[in-house]
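**Student:** What follows is the file upload_20.cif, containing mmCIF, C-alpha atoms and all ligand atoms:
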data_upload
loop_
_atom_site.label_atom_id
_atom_site.label_comp_id
_atom_site.auth_asym_id
_atom_site.auth_seq_id
_atom_site.Cartn_x
_atom_site.Cartn_y
_atom_site.Cartn_z
CA MET K 1 99.23 126.43 60.27
CA LYS K 2 96.05 125.77 58.31
CA LYS K 3 96.49 125.07 54.58
CA THR K 4 94.24 127.97 53.58
CA VAL K 5 96.55 130.42 55.38
CA SER K 6 99.88 128.88 54.29
CA LYS K 7 98.73 128.76 50.65
CA LEU K 8 97.86 132.46 50.68
CA LEU K 9 101.14 133.38 52.40
CA ASN K 10 103.01 131.31 49.85
CA ALA K 11 101.29 133.09 47.00
CA GLN K 12 102.10 136.43 48.63
CA VAL K 13 105.85 135.62 48.52
CA ASN K 14 105.50 135.45 44.75
CA LYS K 15 103.43 138.65 44.62
CA GLU K 16 106.03 140.58 46.62
CA PHE K 17 108.77 139.36 44.28
CA PHE K 18 106.58 140.46 41.39
CA SER K 19 106.33 143.90 43.05
CA ALA K 20 110.14 144.05 43.10
CA TYR K 21 110.17 143.05 39.45
CA LEU K 22 107.57 145.71 38.56
CA TYR K 23 109.56 148.44 40.33
CA LEU K 24 112.76 147.35 38.60
CA GLY K 25 110.87 147.66 35.32
CA ILE K 26 109.68 151.15 36.23
CA ALA K 27 113.26 152.06 37.27
CA LYS K 28 114.47 150.90 33.88
CA PHE K 29 111.82 153.03 32.18
CA PHE K 30 113.09 156.14 34.01
CA THR K 31 116.74 155.31 33.31
CA LYS K 32 115.86 155.23 29.62
CA GLN K 33 114.15 158.63 30.03
CA ASP K 34 117.40 160.07 31.50
CA LEU K 35 115.75 160.56 34.89
CA PRO K 36 118.21 158.84 37.26
CA GLY K 37 116.57 160.20 40.42
CA PHE K 38 113.23 158.57 39.60
CA ALA K 39 115.11 155.39 38.65
CA ASN K 40 116.88 155.44 42.02
CA TRP K 41 113.58 155.88 43.90
CA TYR K 42 112.03 152.86 42.20
CA LYS K 43 115.17 150.76 42.61
CA VAL K 44 115.07 151.40 46.36
CA GLN K 45 111.39 150.43 46.24
CA ALA K 46 112.31 147.18 44.47
CA GLU K 47 114.75 146.38 47.29
CA GLU K 48 112.00 146.98 49.85
CA GLU K 49 109.73 144.57 48.01
CA THR K 50 112.38 141.86 48.10
CA GLU K 51 112.55 142.43 51.87
CA HIS K 52 108.76 142.00 52.08
CA ALA K 53 108.97 138.72 50.17
CA MET K 54 111.78 137.51 52.42
CA LYS K 55 109.86 138.39 55.58
CA ILE K 56 107.06 136.04 54.53
CA TYR K 57 109.52 133.42 53.28
CA ASP K 58 111.27 133.42 56.68
CA TYR K 59 107.99 133.38 58.57
CA LEU K 60 106.74 130.34 56.68
CA LEU K 61 109.97 128.43 57.25
CA ASP K 62 110.03 129.44 60.93
CA GLN K 63 106.58 127.89 61.23
CA ASP K 64 107.87 124.64 59.66
CA GLU K 65 105.91 125.30 56.50
CA ASP K 66 107.19 124.83 52.98
CA VAL K 67 107.83 127.72 50.55
CA ALA K 68 107.04 127.25 46.88
CA LEU K 69 109.17 129.50 44.69
CA ASP K 70 106.91 129.81 41.69
CA LYS K 71 107.56 131.51 38.38
CA ILE K 72 107.42 135.31 38.53
CA ALA K 73 105.19 136.87 35.87
CA ALA K 74 106.66 139.11 33.17
CA VAL K 75 106.33 142.87 33.62
CA ASN K 76 104.94 145.23 31.02
CA VAL K 77 106.87 148.52 31.28
CA ASP K 78 105.77 150.08 28.06
CA PHE K 79 104.63 153.34 29.66
CA LYS K 80 103.55 156.44 27.80
CA ASP K 81 105.11 158.79 30.36
CA ALA K 82 106.13 159.24 34.01
CA LEU K 83 102.53 159.72 35.14
CA GLU K 84 101.39 156.44 33.61
CA ALA K 85 104.27 154.60 35.33
CA ALA K 86 103.38 156.17 38.69
CA LYS K 87 99.71 155.28 38.22
CA GLU K 88 100.61 151.67 37.47
CA ALA K 89 102.61 151.52 40.73
CA ASP K 90 99.69 153.01 42.66
CA LYS K 91 97.21 150.55 41.17
CA HIS K 92 99.54 147.70 42.07
CA GLU K 93 99.89 148.83 45.69
CA ARG K 94 96.12 148.94 46.08
CA TYR K 95 95.96 145.39 44.72
CA ILE K 96 98.65 144.27 47.18
CA THR K 97 96.73 145.84 50.07
CA ALA K 98 93.64 143.84 49.08
CA GLU K 99 95.72 140.65 48.90
CA ILE K 100 97.22 141.21 52.38
CA GLU K 101 93.72 141.82 53.73
CA LYS K 102 92.55 138.53 52.22
CA ILE K 103 95.29 136.69 54.11
CA MET K 104 94.29 138.51 57.30
CA ASP K 105 90.66 137.47 56.75
CA ALA K 106 91.75 133.84 56.40
CA ALA K 107 93.94 134.05 59.52
CA VAL K 108 91.03 135.50 61.51
CA LYS K 109 88.67 132.81 60.21
CA GLU K 110 91.15 130.06 61.14
CA LYS K 111 91.86 131.64 64.56
CA ASP K 112 95.54 131.82 63.56
CA TYR K 113 96.57 134.49 66.08
CA ARG K 114 100.29 134.25 65.34
CA THR K 115 99.78 135.00 61.65
CA GLN K 116 97.47 137.88 62.53
CA ILE K 117 100.25 139.46 64.60
CA PHE K 118 102.73 138.79 61.78
CA LEU K 119 100.42 140.43 59.24
CA ASN K 120 99.89 143.58 61.31
CA TRP K 121 103.25 144.84 60.06
CA PHE K 122 102.11 144.42 56.45
CA ILE K 123 98.78 146.14 57.10
CA SER K 124 100.64 149.24 58.37
CA GLU K 125 103.25 149.01 55.63
CA GLN K 126 100.55 149.05 52.96
CA GLU K 127 99.22 152.32 54.33
CA GLU K 128 102.68 153.82 53.76
CA GLU K 129 103.03 152.19 50.34
CA GLU K 130 99.72 153.64 49.17
CA ARG K 131 100.57 157.07 50.57
CA ASN K 132 103.95 157.07 48.77
CA SER K 133 102.50 155.99 45.44
CA LYS K 134 99.69 158.54 45.67
CA GLU K 135 102.16 161.31 46.56
CA MET K 136 104.27 160.38 43.55
CA ILE K 137 101.25 160.86 41.26
CA THR K 138 100.49 164.24 42.86
CA LYS K 139 104.09 165.42 42.47
CA ILE K 140 104.25 164.40 38.82
CA GLU K 141 100.87 166.02 38.13
CA MET K 142 101.98 169.26 39.82
CA LEU K 143 105.53 169.45 38.46
CA GLY K 144 105.96 166.99 35.62
CA SER K 145 104.79 169.13 32.73
CA ASP K 146 107.56 171.71 33.31
CA LYS K 147 111.05 170.47 32.35
CA LYS K 148 112.85 172.53 35.04
CA ASN K 149 110.53 171.28 37.77
CA LEU K 150 110.88 167.71 36.53
CA TYR K 151 114.65 168.09 36.81
CA LEU K 152 114.33 169.34 40.41
CA LEU K 153 111.94 166.52 41.33
CA ASP K 154 114.36 164.03 39.80
CA LYS K 155 117.13 165.44 42.02
CA GLU K 156 114.93 165.09 45.10
CA LEU K 157 114.03 161.49 44.30
CA GLY K 158 117.70 160.67 43.79
CA SER K 159 118.33 161.14 47.49
CA ARG K 160 116.19 158.17 48.59
CA GLU K 161 118.37 155.53 50.24
FE1 LIG D 1 105.21 144.90 49.40
O1 LIG D 1 104.41 146.52 49.42
FE2 LIG D 1 104.54 147.30 47.78
O2 LIG D 1 103.91 145.99 46.72
#
Could the structure of this file be written out as structure tokens, please?
**Tutor:**
Amino acid sequence: MKKTVSKLLNAQVNKEFFSAYLYLGIAKFFTKQDLPGFANWYKVQAEEETEHAMKIYDYLLDQDEDVALDKIAAVNVDFKDALEAAKEADKHERYITAEIEKIMDAAVKEKDYRTQIFLNWFISEQEEEERNSKEMITKIEMLGSDKKNLYLLDKELGSRE
């Protein structure tokens, strides 16, 4: 594998772990707000992010590359309300999509066909990630201002496994 591609994949391992960290932070925010359903939804999301990181970790090692486990940045979870937390998640997913696309660009440039196939899964996954985070904003905007509706939404989000 070309260095340009392995370096970007390596950095993405860290970014996916940061995503997990961010979602754990958001889950903590909702736990403190007494909204356990929201907290559950973001905890499940954090688990998914760890899986994403591990997919890249395994891929790099399978290709006889090294994996640098760098420091994970601190997370700021000082949100004003549920909407601000959901918007932060959405902004982050759009950033992650751009980062995945950068790796794909490098893989195309280096004619690294194997990595292109590997990254296809992430390209599709990011479409789902963006849809989910956008839907969360819409739901909070529609229902969040009414306490009873917020309670019902919290119940719904609690069922995510
Ligand atoms: Fe790994 O997809 Fe979200 O960040």
**Student:** Go through chain K residue by residue and, counting all atoms listed in the file, keep those with an atom at most 9 Å from ligand LIG 1 (chain D); for each kept residue give the shortest atom pair and its distance in Å to one decimal, ordered by chain and increasing number, as CSV.
**Tutor:**
residue,atom,partner,partner_atom,distance
K:Lys15,CA,D:LIG1,O2,7.6
K:Glu16,CA,D:LIG1,FE1,5.2
K:Phe17,CA,D:LIG1,FE1,8.3
K:Phe18,CA,D:LIG1,O2,8.1
K:Ser19,CA,D:LIG1,O2,4.9
K:Ala20,CA,D:LIG1,O2,7.5
K:Leu22,CA,D:LIG1,O2,8.9
K:Tyr23,CA,D:LIG1,O2,8.9
K:Gln45,CA,D:LIG1,FE2,7.7
K:Ala46,CA,D:LIG1,FE2,8.4
K:Glu48,CA,D:LIG1,FE1,7.1
K:Glu49,CA,D:LIG1,FE1,4.7
K:Thr50,CA,D:LIG1,FE1,7.9
K:Glu51,CA,D:LIG1,FE1,8.1
K:His52,CA,D:LIG1,FE1,5.3
K:Ala53,CA,D:LIG1,FE1,7.3
K:Ala89,CA,D:LIG1,O2,8.3
K:His92,CA,D:LIG1,O2,6.6
K:Glu93,CA,D:LIG1,O2,5.0
K:Arg94,CA,D:LIG1,O2,8.4
K:Tyr95,CA,D:LIG1,O2,8.2
K:Ile96,CA,D:LIG1,O2,5.6
K:Thr97,CA,D:LIG1,O1,7.7
K:Phe122,CA,D:LIG1,O1,7.7
K:Glu125,CA,D:LIG1,O1,6.8
K:Gln126,CA,D:LIG1,O1,5.8
K:Glu128,CA,D:LIG1,O1,8.7
K:Glu129,CA,D:LIG1,FE2,5.7
K:Glu130,CA,D:LIG1,FE2,8.1
**Student:** Find, counting only C-alpha atoms, the residue in K:Val77, K:Leu157, K:Leu9, K:Val67 that gets nearest to K:Ile26.
**Tutor:**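 Of the candidates, the smallest distance to K:Ile26 is held by K:Val77.
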**Student:** How many Å separate atom CA of K:Ala86 from atom CA of K:Lys155?
**Tutor:**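 Straight-line distance from atom CA of K:Ala86 to atom CA of K:Lys155 works out to 16.9 Å.
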**Student:** Set the distance at 12 Å and use all atoms listed in the file: which residues neighbour K:Asp78 once local chain neighbours fewer than 4 positions away are removed? I'd like the list as an mmCIF file with C-alpha atoms, in the coordinates of the input.
**Tutor:**
data_model
loop_
_atom_site.group_PDB
_atom_site.id
_atom_site.type_symbol
_atom_site.label_atom_id
_atom_site.label_comp_id
_atom_site.auth_asym_id
_atom_site.auth_seq_id
_atom_site.Cartn_x
_atom_site.Cartn_y
_atom_site.Cartn_z
ATOM 1 C CA LEU K 22 107.570 145.710 38.560
ATOM 2 C CA GLY K 25 110.870 147.660 35.320
ATOM 3 C CA ILE K 26 109.680 151.150 36.230
ATOM 4 C CA LYS K 28 114.470 150.900 33.880
ATOM 5 C CA PHE K 29 111.820 153.030 32.180
ATOM 6 C CA PHE K 30 113.090 156.140 34.010
ATOM 7 C CA LYS K 32 115.860 155.230 29.620
ATOM 8 C CA ALA K 82 106.130 159.240 34.010
ATOM 9 C CA GLU K 84 101.390 156.440 33.610
ATOM 10 C CA ALA K 85 104.270 154.600 35.330
ATOM 11 C CA GLU K 88 100.610 151.670 37.470
#
**Student:** Take atom CA of K:Arg114 and atom CA of K:Glu47 and report the distance between them in Å, one decimal.
**Tutor:**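 Atom CA of K:Arg114 sits 26.1 Å away from atom CA of K:Glu47.
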**Student:** Restricting the calculation to all atoms listed in the file, which member of K:Asn76, K:Gln63, K:Ser145, K:Asn40 is positioned closest to K:Tyr21?
**Tutor:** K:Asn76
**Student:** Hey, which of K:Leu8, K:Leu83, K:Ile117, K:Leu24 ends up closest to K:Leu143? Count only C-alpha atoms.
**Tutor:**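 With only C-alpha atoms as the atom set, the closest residue is K:Leu83.
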**Student:** Of the residues K:Leu61, K:Ile140, K:Ala39, K:Leu69, which is the one nearest to K:Arg160, using only C-alpha atoms?
**Tutor:**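 Closest to K:Arg160, using only C-alpha atoms: K:Ala39.
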**Student:** Which is closest to K:Ala11 among K:Ala68, K:Leu35, K:Leu119, K:Leu60, if we use only C-alpha atoms?
**Tutor:**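 Closest to K:Ala11, using only C-alpha atoms: K:Ala68.
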**Student:** Using atom CA of K:Gly37 and atom CA of K:Leu150 as the two end points, give the distance in Å to one decimal.
**Tutor:**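 If I compute the distance from atom CA of K:Gly37 to atom CA of K:Leu150, I get 10.2 Å.
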**Student:** Counting all atoms listed in the file, which of K:Ile137, K:Val44, K:Ala27, K:Val13 gets nearest to K:Glu99?
**Tutor:**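 That would be K:Val13, the residue with the smallest distance to K:Glu99.
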